[in-house]
Amino acid sequence: MTYRQILVEGENILKDAEIDDYKSDAWLLFEYAFGMNRTGYLVKADKEVEGVISEYLDIINERATRKPLQHITGVQEFYGLEFIVNENVLIPRQDTEILVEEAIKIINNPDCKDTGCHILDMCTGSGCIAITLAKNCENTKVTGVDISDGALEVAVANKEKNSAANVDFIQSNLFENINDKFDVIVSNPPYIESDVIDTLMQEVKDFEPRLALDGEADGLKFYREITKQSLKYMKPSGYLLYEIGHNQGEAVSNIMIENGYTAVKVIKDLAGLDRVVMGHFPEEMEEDNV
Ligand code: GLN
């Protein structure tokens, strides 16, 4: 069997399993199984396969069960860095890069940068946001928090993998074990309405951790909790930034305004959908926020 034939077979299996991006997934698994890039393939396409054909077909068949590609390859790229992923963490999404970009703008502003900025990433999961901020912002200390031990193991492995010295991870149910105050708090919390989870694609609902998805009945539980509790953990003139679902801009903005945040604004993603809500913590609130 030639490399071309095995790749076509992989594509056909995924097509029959109704995987949307079957060509791209068959190719990515081919690269992974045979360690061959496009150039290598062009040279070798019609040569007999050296190596174990069954290994490629095994992972193709795993993907055909709807297991996410990233759970097979074990990694996902995010903001130019590579992150380890498994069933204990949400797979980093490109949408979340919008949140990271907005946070970097604030953190790299001289007000924050010159004095040294302490950042909290609440519900850190794989640690993708915390580590990306740590790597892209000078003079910062980043704390990533998650309730899940399994997620924190992945986050710590990602810290090592990406040589991010200025980030630490803490196990905590929201702010329970947190004592510091922060210049910037970011969070991509679980925000899917419980009833909606069963309507999501199988890759998500059957393989990604429910804990990372479920925002309870109206999807807003964590925005309410984190915003309310953040008042005790925010330095004066700090910023709170959230990733949100496309239909949550108004509700999350209102939660922030009700809790005293000012200059609350919604930022759209590349598809023109609401994706980030951010607000400023006024200086005068600090005295009475405890
Ligand atoms: N902060 C992680 C991410 O954005 C995990 C988010 C989550 O588990 N809800 O990927």
# chains A, B, ... in the order shown; residues from 1 in each chain; ligands from 1
>>> residues_near_ligand(ligand="ligand 1", cutoff="10 Å", atoms="only C-alpha atoms and all ligand atoms", output="PyMOL selection string")
chain A and resi 78+85+88-97+99-100+121-130+144-148+151+155+186-192+208-215+222+242-243
>>> closest_atom_pairs(of="stretch 193-215 of chain A", to="stretch 63-70 of chain A", cutoff="10 Å", atoms="only C-alpha atoms", output="Markdown table")
| residue | atom | partner | partner_atom | distance |
| --- | --- | --- | --- | --- |
| A:Met201 | CA | A:Arg66 | CA | 9.0 |
| A:Gln202 | CA | A:Arg66 | CA | 6.3 |
| A:Glu203 | CA | A:Arg66 | CA | 5.3 |
| A:Val204 | CA | A:Pro68 | CA | 7.9 |
| A:Asp206 | CA | A:Lys67 | CA | 8.2 |
| A:Phe207 | CA | A:Lys67 | CA | 6.5 |
| A:Glu208 | CA | A:Pro68 | CA | 8.6 |
>>> write_last_selection(atoms="N, CA, C and O atoms", output="PDB file, in the first residue's frame")
ATOM      1  N   MET A 201     -21.867  19.504  19.546  1.00  0.00           N
ATOM      2  CA  MET A 201     -21.301  18.407  18.761  1.00  0.00           C
ATOM      3  C   MET A 201     -20.731  17.339  19.695  1.00  0.00           C
ATOM      4  O   MET A 201     -20.313  17.625  20.819  1.00  0.00           O
ATOM      5  N   GLN A 202     -20.745  16.094  19.173  1.00  0.00           N
ATOM      6  CA  GLN A 202     -20.324  14.957  20.008  1.00  0.00           C
ATOM      7  C   GLN A 202     -18.913  15.123  20.553  1.00  0.00           C
ATOM      8  O   GLN A 202     -18.638  14.730  21.674  1.00  0.00           O
ATOM      9  N   GLU A 203     -18.033  15.699  19.739  1.00  0.00           N
ATOM     10  CA  GLU A 203     -16.645  15.895  20.180  1.00  0.00           C
ATOM     11  C   GLU A 203     -16.614  16.666  21.489  1.00  0.00           C
ATOM     12  O   GLU A 203     -15.757  16.438  22.344  1.00  0.00           O
ATOM     13  N   VAL A 204     -17.533  17.620  21.636  1.00  0.00           N
ATOM     14  CA  VAL A 204     -17.552  18.462  22.828  1.00  0.00           C
ATOM     15  C   VAL A 204     -18.333  17.774  23.942  1.00  0.00           C
ATOM     16  O   VAL A 204     -17.817  17.535  25.031  1.00  0.00           O
ATOM     17  N   ASP A 206     -19.392  14.730  24.462  1.00  0.00           N
ATOM     18  CA  ASP A 206     -18.997  13.401  24.940  1.00  0.00           C
ATOM     19  C   ASP A 206     -17.544  13.316  25.407  1.00  0.00           C
ATOM     20  O   ASP A 206     -17.167  12.359  26.059  1.00  0.00           O
ATOM     21  N   PHE A 207     -16.717  14.288  25.038  1.00  0.00           N
ATOM     22  CA  PHE A 207     -15.292  14.132  25.343  1.00  0.00           C
ATOM     23  C   PHE A 207     -14.688  15.274  26.162  1.00  0.00           C
ATOM     24  O   PHE A 207     -13.661  15.095  26.801  1.00  0.00           O
ATOM     25  N   GLU A 208     -15.270  16.464  26.114  1.00  0.00           N
ATOM     26  CA  GLU A 208     -14.662  17.559  26.882  1.00  0.00           C
ATOM     27  C   GLU A 208     -15.309  17.601  28.268  1.00  0.00           C
ATOM     28  O   GLU A 208     -16.451  17.181  28.454  1.00  0.00           O
TER      29      GLU A 208
END
>>> select_by_dssp(residues="stretch 7-204 of chain A", states="strand (DSSP E)", output="ChimeraX atom specification")
/A:75-78,81-84,117-122,140-146,167-171,182-187
>>> closest_residue(among="A:Tyr239, A:Gln76, A:Ile255, A:Asp269", to="A:Lys105", atoms="only C-alpha atoms")
A:Tyr239
>>> select_by_dssp(residues="stretch 144-281 of chain A", states="helix (DSSP H, G or I)", output="short mmCIF file (atom, residue, chain, number, x, y, z; two decimals) with all heavy atoms, in the first residue's frame")
data_model
loop_
_atom_site.label_atom_id
_atom_site.label_comp_id
_atom_site.auth_asym_id
_atom_site.auth_seq_id
_atom_site.Cartn_x
_atom_site.Cartn_y
_atom_site.Cartn_z
N ASP A 149 -8.09 19.06 40.02
CA ASP A 149 -6.70 18.59 40.14
C ASP A 149 -6.18 18.09 38.80
O ASP A 149 -5.03 18.30 38.45
CB ASP A 149 -6.60 17.46 41.18
CG ASP A 149 -6.80 17.99 42.59
OD1 ASP A 149 -6.36 19.12 42.86
OD2 ASP A 149 -7.40 17.27 43.41
N GLY A 150 -7.07 17.40 38.06
CA GLY A 150 -6.66 16.87 36.75
C GLY A 150 -6.26 18.00 35.81
O GLY A 150 -5.29 17.89 35.06
N ALA A 151 -7.02 19.09 35.84
CA ALA A 151 -6.69 20.24 34.99
C ALA A 151 -5.36 20.85 35.43
O ALA A 151 -4.51 21.18 34.61
CB ALA A 151 -7.81 21.28 35.04
N LEU A 152 -5.18 20.97 36.74
CA LEU A 152 -3.95 21.62 37.23
C LEU A 152 -2.70 20.81 36.85
O LEU A 152 -1.65 21.40 36.57
CB LEU A 152 -4.03 21.83 38.75
CG LEU A 152 -5.02 22.94 39.12
CD1 LEU A 152 -5.36 22.88 40.60
CD2 LEU A 152 -4.47 24.32 38.76
N GLU A 153 -2.83 19.49 36.83
CA GLU A 153 -1.67 18.67 36.38
C GLU A 153 -1.29 19.04 34.94
O GLU A 153 -0.12 19.14 34.61
CB GLU A 153 -2.05 17.19 36.41
CG GLU A 153 -1.74 16.53 37.73
CD GLU A 153 -2.25 15.10 37.79
OE1 GLU A 153 -2.20 14.40 36.77
OE2 GLU A 153 -2.71 14.71 38.88
N VAL A 154 -2.31 19.23 34.12
CA VAL A 154 -2.05 19.61 32.72
C VAL A 154 -1.44 21.01 32.67
O VAL A 154 -0.48 21.26 31.94
CB VAL A 154 -3.36 19.54 31.89
CG1 VAL A 154 -3.13 20.03 30.47
CG2 VAL A 154 -3.91 18.11 31.88
N ALA A 155 -1.99 21.93 33.47
CA ALA A 155 -1.49 23.31 33.46
C ALA A 155 -0.01 23.35 33.87
O ALA A 155 0.80 24.04 33.24
CB ALA A 155 -2.33 24.18 34.40
N VAL A 156 0.34 22.58 34.90
CA VAL A 156 1.75 22.57 35.36
C VAL A 156 2.64 21.96 34.27
O VAL A 156 3.73 22.47 33.99
CB VAL A 156 1.87 21.81 36.70
CG1 VAL A 156 3.32 21.54 37.05
CG2 VAL A 156 1.17 22.59 37.82
N ALA A 157 2.17 20.91 33.60
CA ALA A 157 2.95 20.31 32.50
C ALA A 157 3.13 21.35 31.38
O ALA A 157 4.19 21.43 30.76
CB ALA A 157 2.25 19.07 31.97
N ASN A 158 2.11 22.17 31.15
CA ASN A 158 2.20 23.19 30.10
C ASN A 158 3.15 24.33 30.49
O ASN A 158 3.82 24.91 29.63
CB ASN A 158 0.82 23.74 29.77
CG ASN A 158 0.09 22.81 28.82
OD1 ASN A 158 0.71 22.22 27.92
ND2 ASN A 158 -1.21 22.64 29.01
N LYS A 159 3.22 24.61 31.77
CA LYS A 159 4.18 25.62 32.25
C LYS A 159 5.61 25.14 31.93
O LYS A 159 6.42 25.89 31.41
CB LYS A 159 3.98 25.80 33.76
CG LYS A 159 5.06 26.62 34.44
CD LYS A 159 4.89 26.64 35.94
CE LYS A 159 6.23 26.92 36.60
NZ LYS A 159 6.21 27.98 37.58
N GLU A 160 5.87 23.87 32.23
CA GLU A 160 7.21 23.29 31.96
C GLU A 160 7.47 23.28 30.45
O GLU A 160 8.51 23.72 29.99
CB GLU A 160 7.28 21.84 32.44
CG GLU A 160 6.98 21.64 33.92
CD GLU A 160 8.07 22.20 34.80
OE1 GLU A 160 9.23 21.90 34.52
OE2 GLU A 160 7.74 22.94 35.75
N LYS A 161 6.50 22.79 29.72
CA LYS A 161 6.67 22.65 28.26
C LYS A 161 7.00 23.98 27.60
O LYS A 161 7.78 24.05 26.67
CB LYS A 161 5.37 22.08 27.67
CG LYS A 161 5.37 21.85 26.17
CD LYS A 161 4.05 21.24 25.73
CE LYS A 161 3.89 21.21 24.23
NZ LYS A 161 4.78 20.27 23.56
N SER A 194 -26.86 24.65 30.88
CA SER A 194 -26.86 23.18 31.08
C SER A 194 -27.65 22.45 30.00
O SER A 194 -27.19 21.44 29.46
CB SER A 194 -27.44 22.84 32.45
OG SER A 194 -26.70 23.48 33.45
N ASP A 195 -28.83 22.95 29.67
CA ASP A 195 -29.70 22.26 28.69
C ASP A 195 -29.11 22.24 27.29
O ASP A 195 -29.51 21.43 26.46
CB ASP A 195 -31.06 22.96 28.60
CG ASP A 195 -31.88 22.68 29.84
OD1 ASP A 195 -31.45 21.84 30.65
OD2 ASP A 195 -32.95 23.31 29.98
N VAL A 196 -28.23 23.19 27.03
CA VAL A 196 -27.69 23.31 25.67
C VAL A 196 -26.55 22.30 25.45
O VAL A 196 -26.27 21.90 24.31
CB VAL A 196 -27.23 24.77 25.41
CG1 VAL A 196 -26.45 24.92 24.11
CG2 VAL A 196 -28.42 25.71 25.43
N ILE A 197 -25.93 21.85 26.54
CA ILE A 197 -24.74 21.00 26.40
C ILE A 197 -25.05 19.75 25.57
O ILE A 197 -24.27 19.37 24.70
CB ILE A 197 -24.16 20.64 27.79
CG1 ILE A 197 -23.62 21.92 28.42
CG2 ILE A 197 -23.04 19.59 27.66
CD1 ILE A 197 -23.03 21.76 29.79
N GLN A 202 -20.74 16.09 19.17
CA GLN A 202 -20.32 14.96 20.01
C GLN A 202 -18.91 15.12 20.55
O GLN A 202 -18.64 14.73 21.67
CB GLN A 202 -20.35 13.69 19.15
CG GLN A 202 -21.57 12.84 19.36
CD GLN A 202 -21.56 11.69 18.39
OE1 GLN A 202 -21.94 11.86 17.23
NE2 GLN A 202 -21.10 10.54 18.83
N GLU A 203 -18.03 15.70 19.74
CA GLU A 203 -16.64 15.89 20.18
C GLU A 203 -16.61 16.67 21.49
O GLU A 203 -15.76 16.44 22.34
CB GLU A 203 -15.86 16.69 19.13
CG GLU A 203 -15.38 15.90 17.94
CD GLU A 203 -16.43 15.75 16.85
OE1 GLU A 203 -17.63 16.03 17.12
OE2 GLU A 203 -16.06 15.35 15.74
N VAL A 204 -17.53 17.62 21.64
CA VAL A 204 -17.55 18.46 22.83
C VAL A 204 -18.33 17.77 23.94
O VAL A 204 -17.82 17.54 25.03
CB VAL A 204 -18.16 19.86 22.50
CG1 VAL A 204 -18.19 20.73 23.75
CG2 VAL A 204 -17.37 20.53 21.39
N LYS A 205 -19.58 17.40 23.65
CA LYS A 205 -20.43 16.92 24.76
C LYS A 205 -20.00 15.57 25.30
O LYS A 205 -20.19 15.28 26.47
CB LYS A 205 -21.91 16.92 24.36
CG LYS A 205 -22.28 15.87 23.37
CD LYS A 205 -23.78 15.83 23.17
CE LYS A 205 -24.07 14.76 22.17
NZ LYS A 205 -25.23 14.65 21.50
N ARG A 210 -17.37 18.30 31.36
CA ARG A 210 -18.59 19.05 31.62
C ARG A 210 -18.31 20.21 32.58
O ARG A 210 -18.87 21.31 32.46
CB ARG A 210 -19.65 18.10 32.21
CG ARG A 210 -21.03 18.63 31.98
CD ARG A 210 -22.12 17.67 32.37
NE ARG A 210 -23.35 18.41 32.27
CZ ARG A 210 -24.24 18.26 31.31
NH1 ARG A 210 -24.08 17.35 30.39
NH2 ARG A 210 -25.33 19.01 31.28
N LEU A 211 -17.42 19.94 33.52
CA LEU A 211 -17.04 20.95 34.51
C LEU A 211 -16.52 22.24 33.83
O LEU A 211 -16.65 23.33 34.37
CB LEU A 211 -15.92 20.35 35.37
CG LEU A 211 -15.53 21.02 36.67
CD1 LEU A 211 -16.69 21.03 37.65
CD2 LEU A 211 -14.32 20.28 37.29
N ALA A 212 -15.92 22.08 32.67
CA ALA A 212 -15.34 23.22 31.96
C ALA A 212 -16.36 23.93 31.08
O ALA A 212 -16.09 25.01 30.55
CB ALA A 212 -14.16 22.76 31.10
N LEU A 213 -17.53 23.31 30.91
CA LEU A 213 -18.53 23.84 29.97
C LEU A 213 -19.74 24.43 30.66
O LEU A 213 -20.31 25.43 30.25
CB LEU A 213 -19.03 22.70 29.06
CG LEU A 213 -18.02 21.99 28.18
CD1 LEU A 213 -18.64 20.74 27.56
CD2 LEU A 213 -17.53 22.91 27.07
N LYS A 221 -23.80 31.58 35.78
CA LYS A 221 -23.44 31.39 37.20
C LYS A 221 -22.04 31.91 37.53
O LYS A 221 -21.86 32.62 38.52
CB LYS A 221 -23.51 29.90 37.55
CG LYS A 221 -22.99 29.63 38.93
CD LYS A 221 -22.83 28.19 39.27
CE LYS A 221 -22.02 28.08 40.55
NZ LYS A 221 -21.97 26.76 41.10
N PHE A 222 -21.05 31.56 36.70
CA PHE A 222 -19.67 31.93 37.05
C PHE A 222 -19.40 33.42 36.85
O PHE A 222 -18.58 33.99 37.56
CB PHE A 222 -18.68 31.04 36.30
CG PHE A 222 -18.75 29.62 36.79
CD1 PHE A 222 -19.52 28.68 36.13
CD2 PHE A 222 -18.13 29.26 37.96
CE1 PHE A 222 -19.63 27.39 36.62
CE2 PHE A 222 -18.23 27.97 38.46
CZ PHE A 222 -18.98 27.03 37.79
N TYR A 223 -20.09 34.04 35.90
CA TYR A 223 -19.92 35.49 35.75
C TYR A 223 -20.43 36.20 37.00
O TYR A 223 -19.83 37.15 37.48
CB TYR A 223 -20.65 36.01 34.50
CG TYR A 223 -20.13 35.39 33.23
CD1 TYR A 223 -20.92 34.53 32.47
CD2 TYR A 223 -18.84 35.67 32.78
CE1 TYR A 223 -20.44 33.96 31.31
CE2 TYR A 223 -18.34 35.10 31.62
CZ TYR A 223 -19.15 34.25 30.89
OH TYR A 223 -18.66 33.68 29.75
N ARG A 224 -21.56 35.73 37.52
CA ARG A 224 -22.12 36.34 38.74
C ARG A 224 -21.16 36.16 39.91
O ARG A 224 -20.82 37.11 40.61
CB ARG A 224 -23.46 35.69 39.10
CG ARG A 224 -24.59 36.13 38.24
CD ARG A 224 -25.95 35.78 38.87
NE ARG A 224 -26.92 35.82 37.82
CZ ARG A 224 -27.28 34.77 37.06
NH1 ARG A 224 -26.79 33.57 37.28
NH2 ARG A 224 -28.13 34.92 36.07
N GLU A 225 -20.74 34.90 40.11
CA GLU A 225 -19.90 34.57 41.26
C GLU A 225 -18.54 35.29 41.19
O GLU A 225 -18.09 35.88 42.16
CB GLU A 225 -19.66 33.06 41.33
CG GLU A 225 -20.83 32.29 41.88
CD GLU A 225 -21.12 32.67 43.32
OE1 GLU A 225 -20.18 32.81 44.11
OE2 GLU A 225 -22.31 32.85 43.66
N ILE A 226 -17.89 35.16 40.04
CA ILE A 226 -16.53 35.72 39.92
C ILE A 226 -16.59 37.24 40.04
O ILE A 226 -15.78 37.85 40.73
CB ILE A 226 -15.87 35.28 38.59
CG1 ILE A 226 -15.67 33.76 38.59
CG2 ILE A 226 -14.53 35.99 38.39
CD1 ILE A 226 -15.26 33.18 37.23
N THR A 227 -17.59 37.86 39.41
CA THR A 227 -17.66 39.33 39.44
C THR A 227 -17.87 39.80 40.88
O THR A 227 -17.17 40.71 41.35
CB THR A 227 -18.81 39.84 38.54
OG1 THR A 227 -18.68 39.24 37.26
CG2 THR A 227 -18.79 41.35 38.42
N LYS A 228 -18.81 39.17 41.58
CA LYS A 228 -19.11 39.57 42.96
C LYS A 228 -17.86 39.41 43.84
O LYS A 228 -17.44 40.33 44.53
CB LYS A 228 -20.27 38.71 43.49
CG LYS A 228 -20.90 39.22 44.76
CD LYS A 228 -22.21 38.48 45.03
CE LYS A 228 -21.88 37.14 45.61
NZ LYS A 228 -22.93 36.24 45.93
N GLN A 229 -17.25 38.23 43.74
CA GLN A 229 -16.10 37.96 44.60
C GLN A 229 -14.86 38.74 44.18
O GLN A 229 -13.98 39.01 45.00
CB GLN A 229 -15.78 36.46 44.59
CG GLN A 229 -16.89 35.61 45.22
CD GLN A 229 -16.46 34.15 45.34
OE1 GLN A 229 -15.32 33.86 45.71
NE2 GLN A 229 -17.35 33.23 45.03
N SER A 230 -14.77 39.12 42.91
CA SER A 230 -13.55 39.80 42.41
C SER A 230 -13.29 41.11 43.14
O SER A 230 -12.15 41.57 43.24
CB SER A 230 -13.66 40.07 40.91
OG SER A 230 -14.61 41.09 40.65
N GLY A 249 -23.34 39.12 25.89
CA GLY A 249 -22.71 40.44 26.04
C GLY A 249 -23.47 41.35 26.98
O GLY A 249 -22.90 41.95 27.89
N GLU A 250 -24.77 41.44 26.75
CA GLU A 250 -25.57 42.37 27.54
C GLU A 250 -25.68 41.90 28.99
O GLU A 250 -25.49 42.69 29.93
CB GLU A 250 -26.96 42.49 26.91
CG GLU A 250 -27.69 43.71 27.40
CD GLU A 250 -29.10 43.80 26.80
OE1 GLU A 250 -29.30 43.30 25.65
OE2 GLU A 250 -29.98 44.34 27.48
N ALA A 251 -25.97 40.62 29.18
CA ALA A 251 -26.16 40.08 30.54
C ALA A 251 -24.88 40.22 31.36
O ALA A 251 -24.91 40.65 32.52
CB ALA A 251 -26.60 38.63 30.47
N VAL A 252 -23.74 39.89 30.76
CA VAL A 252 -22.49 39.95 31.53
C VAL A 252 -22.09 41.41 31.77
O VAL A 252 -21.62 41.76 32.86
CB VAL A 252 -21.36 39.15 30.83
CG1 VAL A 252 -20.03 39.30 31.58
CG2 VAL A 252 -21.74 37.67 30.74
N SER A 253 -22.34 42.28 30.80
CA SER A 253 -22.06 43.71 31.02
C SER A 253 -22.88 44.20 32.21
O SER A 253 -22.37 44.92 33.08
CB SER A 253 -22.48 44.55 29.81
OG SER A 253 -21.75 44.17 28.69
N ASN A 254 -24.16 43.81 32.27
CA ASN A 254 -25.02 44.25 33.37
C ASN A 254 -24.51 43.74 34.72
O ASN A 254 -24.53 44.48 35.70
CB ASN A 254 -26.47 43.81 33.15
CG ASN A 254 -27.11 44.65 32.07
OD1 ASN A 254 -26.67 45.78 31.80
ND2 ASN A 254 -28.13 44.13 31.42
N ILE A 255 -24.06 42.49 34.75
CA ILE A 255 -23.52 41.95 36.00
C ILE A 255 -22.34 42.80 36.45
O ILE A 255 -22.20 43.15 37.63
CB ILE A 255 -23.11 40.46 35.82
CG1 ILE A 255 -24.34 39.59 35.59
CG2 ILE A 255 -22.29 39.97 37.01
CD1 ILE A 255 -24.05 38.15 35.17
N MET A 256 -21.48 43.16 35.52
CA MET A 256 -20.30 43.95 35.90
C MET A 256 -20.70 45.35 36.37
O MET A 256 -20.18 45.86 37.35
CB MET A 256 -19.31 44.01 34.73
CG MET A 256 -18.64 42.66 34.54
SD MET A 256 -17.44 42.60 33.20
CE MET A 256 -16.15 43.62 33.86
N ILE A 257 -21.64 45.96 35.67
CA ILE A 257 -22.08 47.32 36.05
C ILE A 257 -22.74 47.29 37.43
O ILE A 257 -22.45 48.13 38.29
CB ILE A 257 -23.02 47.90 34.97
CG1 ILE A 257 -22.23 48.14 33.68
CG2 ILE A 257 -23.70 49.19 35.44
CD1 ILE A 257 -23.07 48.33 32.43
N GLU A 258 -23.60 46.28 37.65
CA GLU A 258 -24.28 46.16 38.96
C GLU A 258 -23.28 46.03 40.10
O GLU A 258 -23.53 46.43 41.23
CB GLU A 258 -25.17 44.91 38.99
CG GLU A 258 -26.51 45.09 38.31
CD GLU A 258 -27.12 43.74 37.90
OE1 GLU A 258 -26.74 42.70 38.49
OE2 GLU A 258 -27.96 43.74 36.98
#
>>> closest_residue(among="A:Asn173, A:Gly80, A:Phe182, A:Glu87", to="A:Thr132", atoms="only C-alpha atoms")
A:Gly80
>>> atom_distance(atom1="atom CA of A:Ala263", atom2="atom CA of A:Gly279")
5.5 Å
>>> closest_residue(among="A:Cys137, A:Leu231, A:Leu120, A:Ala33", to="A:Val49", atoms="only C-alpha atoms")
A:Ala33
>>> decode(residues="stretch 96-104 of chain A", atoms="all heavy atoms", output="PDB file, in the first residue's frame")
ATOM      1  N   THR A  96     -10.616  32.326  22.085  1.00  0.00           N
ATOM      2  CA  THR A  96     -10.054  32.799  23.354  1.00  0.00           C
ATOM      3  C   THR A  96      -8.839  33.704  23.125  1.00  0.00           C
ATOM      4  O   THR A  96      -8.443  34.463  24.008  1.00  0.00           O
ATOM      5  CB  THR A  96      -9.713  31.577  24.240  1.00  0.00           C
ATOM      6  OG1 THR A  96     -10.889  30.761  24.324  1.00  0.00           O
ATOM      7  CG2 THR A  96      -9.273  31.965  25.624  1.00  0.00           C
ATOM      8  N   GLU A  97      -8.276  33.659  21.911  1.00  0.00           N
ATOM      9  CA  GLU A  97      -7.143  34.545  21.616  1.00  0.00           C
ATOM     10  C   GLU A  97      -7.570  36.017  21.677  1.00  0.00           C
ATOM     11  O   GLU A  97      -6.751  36.888  21.936  1.00  0.00           O
ATOM     12  CB  GLU A  97      -6.540  34.201  20.244  1.00  0.00           C
ATOM     13  CG  GLU A  97      -5.911  32.805  20.270  1.00  0.00           C
ATOM     14  CD  GLU A  97      -5.222  32.398  18.967  1.00  0.00           C
ATOM     15  OE1 GLU A  97      -5.421  33.070  17.930  1.00  0.00           O
ATOM     16  OE2 GLU A  97      -4.495  31.406  18.997  1.00  0.00           O
ATOM     17  N   ILE A  98      -8.862  36.286  21.459  1.00  0.00           N
ATOM     18  CA  ILE A  98      -9.359  37.667  21.546  1.00  0.00           C
ATOM     19  C   ILE A  98      -9.209  38.174  22.990  1.00  0.00           C
ATOM     20  O   ILE A  98      -8.762  39.295  23.227  1.00  0.00           O
ATOM     21  CB  ILE A  98     -10.862  37.752  21.139  1.00  0.00           C
ATOM     22  CG1 ILE A  98     -11.111  37.099  19.786  1.00  0.00           C
ATOM     23  CG2 ILE A  98     -11.386  39.189  21.198  1.00  0.00           C
ATOM     24  CD1 ILE A  98     -10.710  37.908  18.590  1.00  0.00           C
ATOM     25  N   LEU A  99      -9.566  37.330  23.934  1.00  0.00           N
ATOM     26  CA  LEU A  99      -9.429  37.690  25.354  1.00  0.00           C
ATOM     27  C   LEU A  99      -7.957  37.948  25.685  1.00  0.00           C
ATOM     28  O   LEU A  99      -7.615  38.942  26.340  1.00  0.00           O
ATOM     29  CB  LEU A  99      -9.983  36.547  26.216  1.00  0.00           C
ATOM     30  CG  LEU A  99      -9.793  36.654  27.725  1.00  0.00           C
ATOM     31  CD1 LEU A  99     -10.584  37.826  28.288  1.00  0.00           C
ATOM     32  CD2 LEU A  99     -10.232  35.361  28.418  1.00  0.00           C
ATOM     33  N   VAL A 100      -7.099  37.070  25.211  1.00  0.00           N
ATOM     34  CA  VAL A 100      -5.667  37.206  25.474  1.00  0.00           C
ATOM     35  C   VAL A 100      -5.150  38.515  24.872  1.00  0.00           C
ATOM     36  O   VAL A 100      -4.406  39.263  25.515  1.00  0.00           O
ATOM     37  CB  VAL A 100      -4.913  35.974  24.894  1.00  0.00           C
ATOM     38  CG1 VAL A 100      -3.418  36.230  24.806  1.00  0.00           C
ATOM     39  CG2 VAL A 100      -5.199  34.742  25.739  1.00  0.00           C
ATOM     40  N   GLU A 101      -5.562  38.822  23.648  1.00  0.00           N
ATOM     41  CA  GLU A 101      -5.099  40.052  23.002  1.00  0.00           C
ATOM     42  C   GLU A 101      -5.493  41.295  23.782  1.00  0.00           C
ATOM     43  O   GLU A 101      -4.695  42.210  23.963  1.00  0.00           O
ATOM     44  CB  GLU A 101      -5.696  40.147  21.600  1.00  0.00           C
ATOM     45  CG  GLU A 101      -4.633  40.076  20.544  1.00  0.00           C
ATOM     46  CD  GLU A 101      -5.182  39.606  19.214  1.00  0.00           C
ATOM     47  OE1 GLU A 101      -6.285  40.055  18.830  1.00  0.00           O
ATOM     48  OE2 GLU A 101      -4.499  38.780  18.583  1.00  0.00           O
ATOM     49  N   GLU A 102      -6.751  41.330  24.240  1.00  0.00           N
ATOM     50  CA  GLU A 102      -7.217  42.489  25.012  1.00  0.00           C
ATOM     51  C   GLU A 102      -6.457  42.592  26.326  1.00  0.00           C
ATOM     52  O   GLU A 102      -6.089  43.687  26.759  1.00  0.00           O
ATOM     53  CB  GLU A 102      -8.724  42.399  25.285  1.00  0.00           C
ATOM     54  CG  GLU A 102      -9.591  42.553  24.060  1.00  0.00           C
ATOM     55  CD  GLU A 102      -9.330  43.841  23.280  1.00  0.00           C
ATOM     56  OE1 GLU A 102      -9.153  44.909  23.906  1.00  0.00           O
ATOM     57  OE2 GLU A 102      -9.294  43.776  22.037  1.00  0.00           O
ATOM     58  N   ALA A 103      -6.210  41.464  26.978  1.00  0.00           N
ATOM     59  CA  ALA A 103      -5.480  41.479  28.245  1.00  0.00           C
ATOM     60  C   ALA A 103      -4.050  41.968  28.028  1.00  0.00           C
ATOM     61  O   ALA A 103      -3.532  42.775  28.808  1.00  0.00           O
ATOM     62  CB  ALA A 103      -5.497  40.092  28.879  1.00  0.00           C
ATOM     63  N   ILE A 104      -3.424  41.519  26.939  1.00  0.00           N
ATOM     64  CA  ILE A 104      -2.034  41.935  26.666  1.00  0.00           C
ATOM     65  C   ILE A 104      -1.967  43.457  26.478  1.00  0.00           C
ATOM     66  O   ILE A 104      -1.044  44.106  26.970  1.00  0.00           O
ATOM     67  CB  ILE A 104      -1.464  41.183  25.429  1.00  0.00           C
ATOM     68  CG1 ILE A 104      -1.222  39.714  25.785  1.00  0.00           C
ATOM     69  CG2 ILE A 104      -0.172  41.833  24.937  1.00  0.00           C
ATOM     70  CD1 ILE A 104      -0.764  38.853  24.621  1.00  0.00           C
TER      71      ILE A 104
END
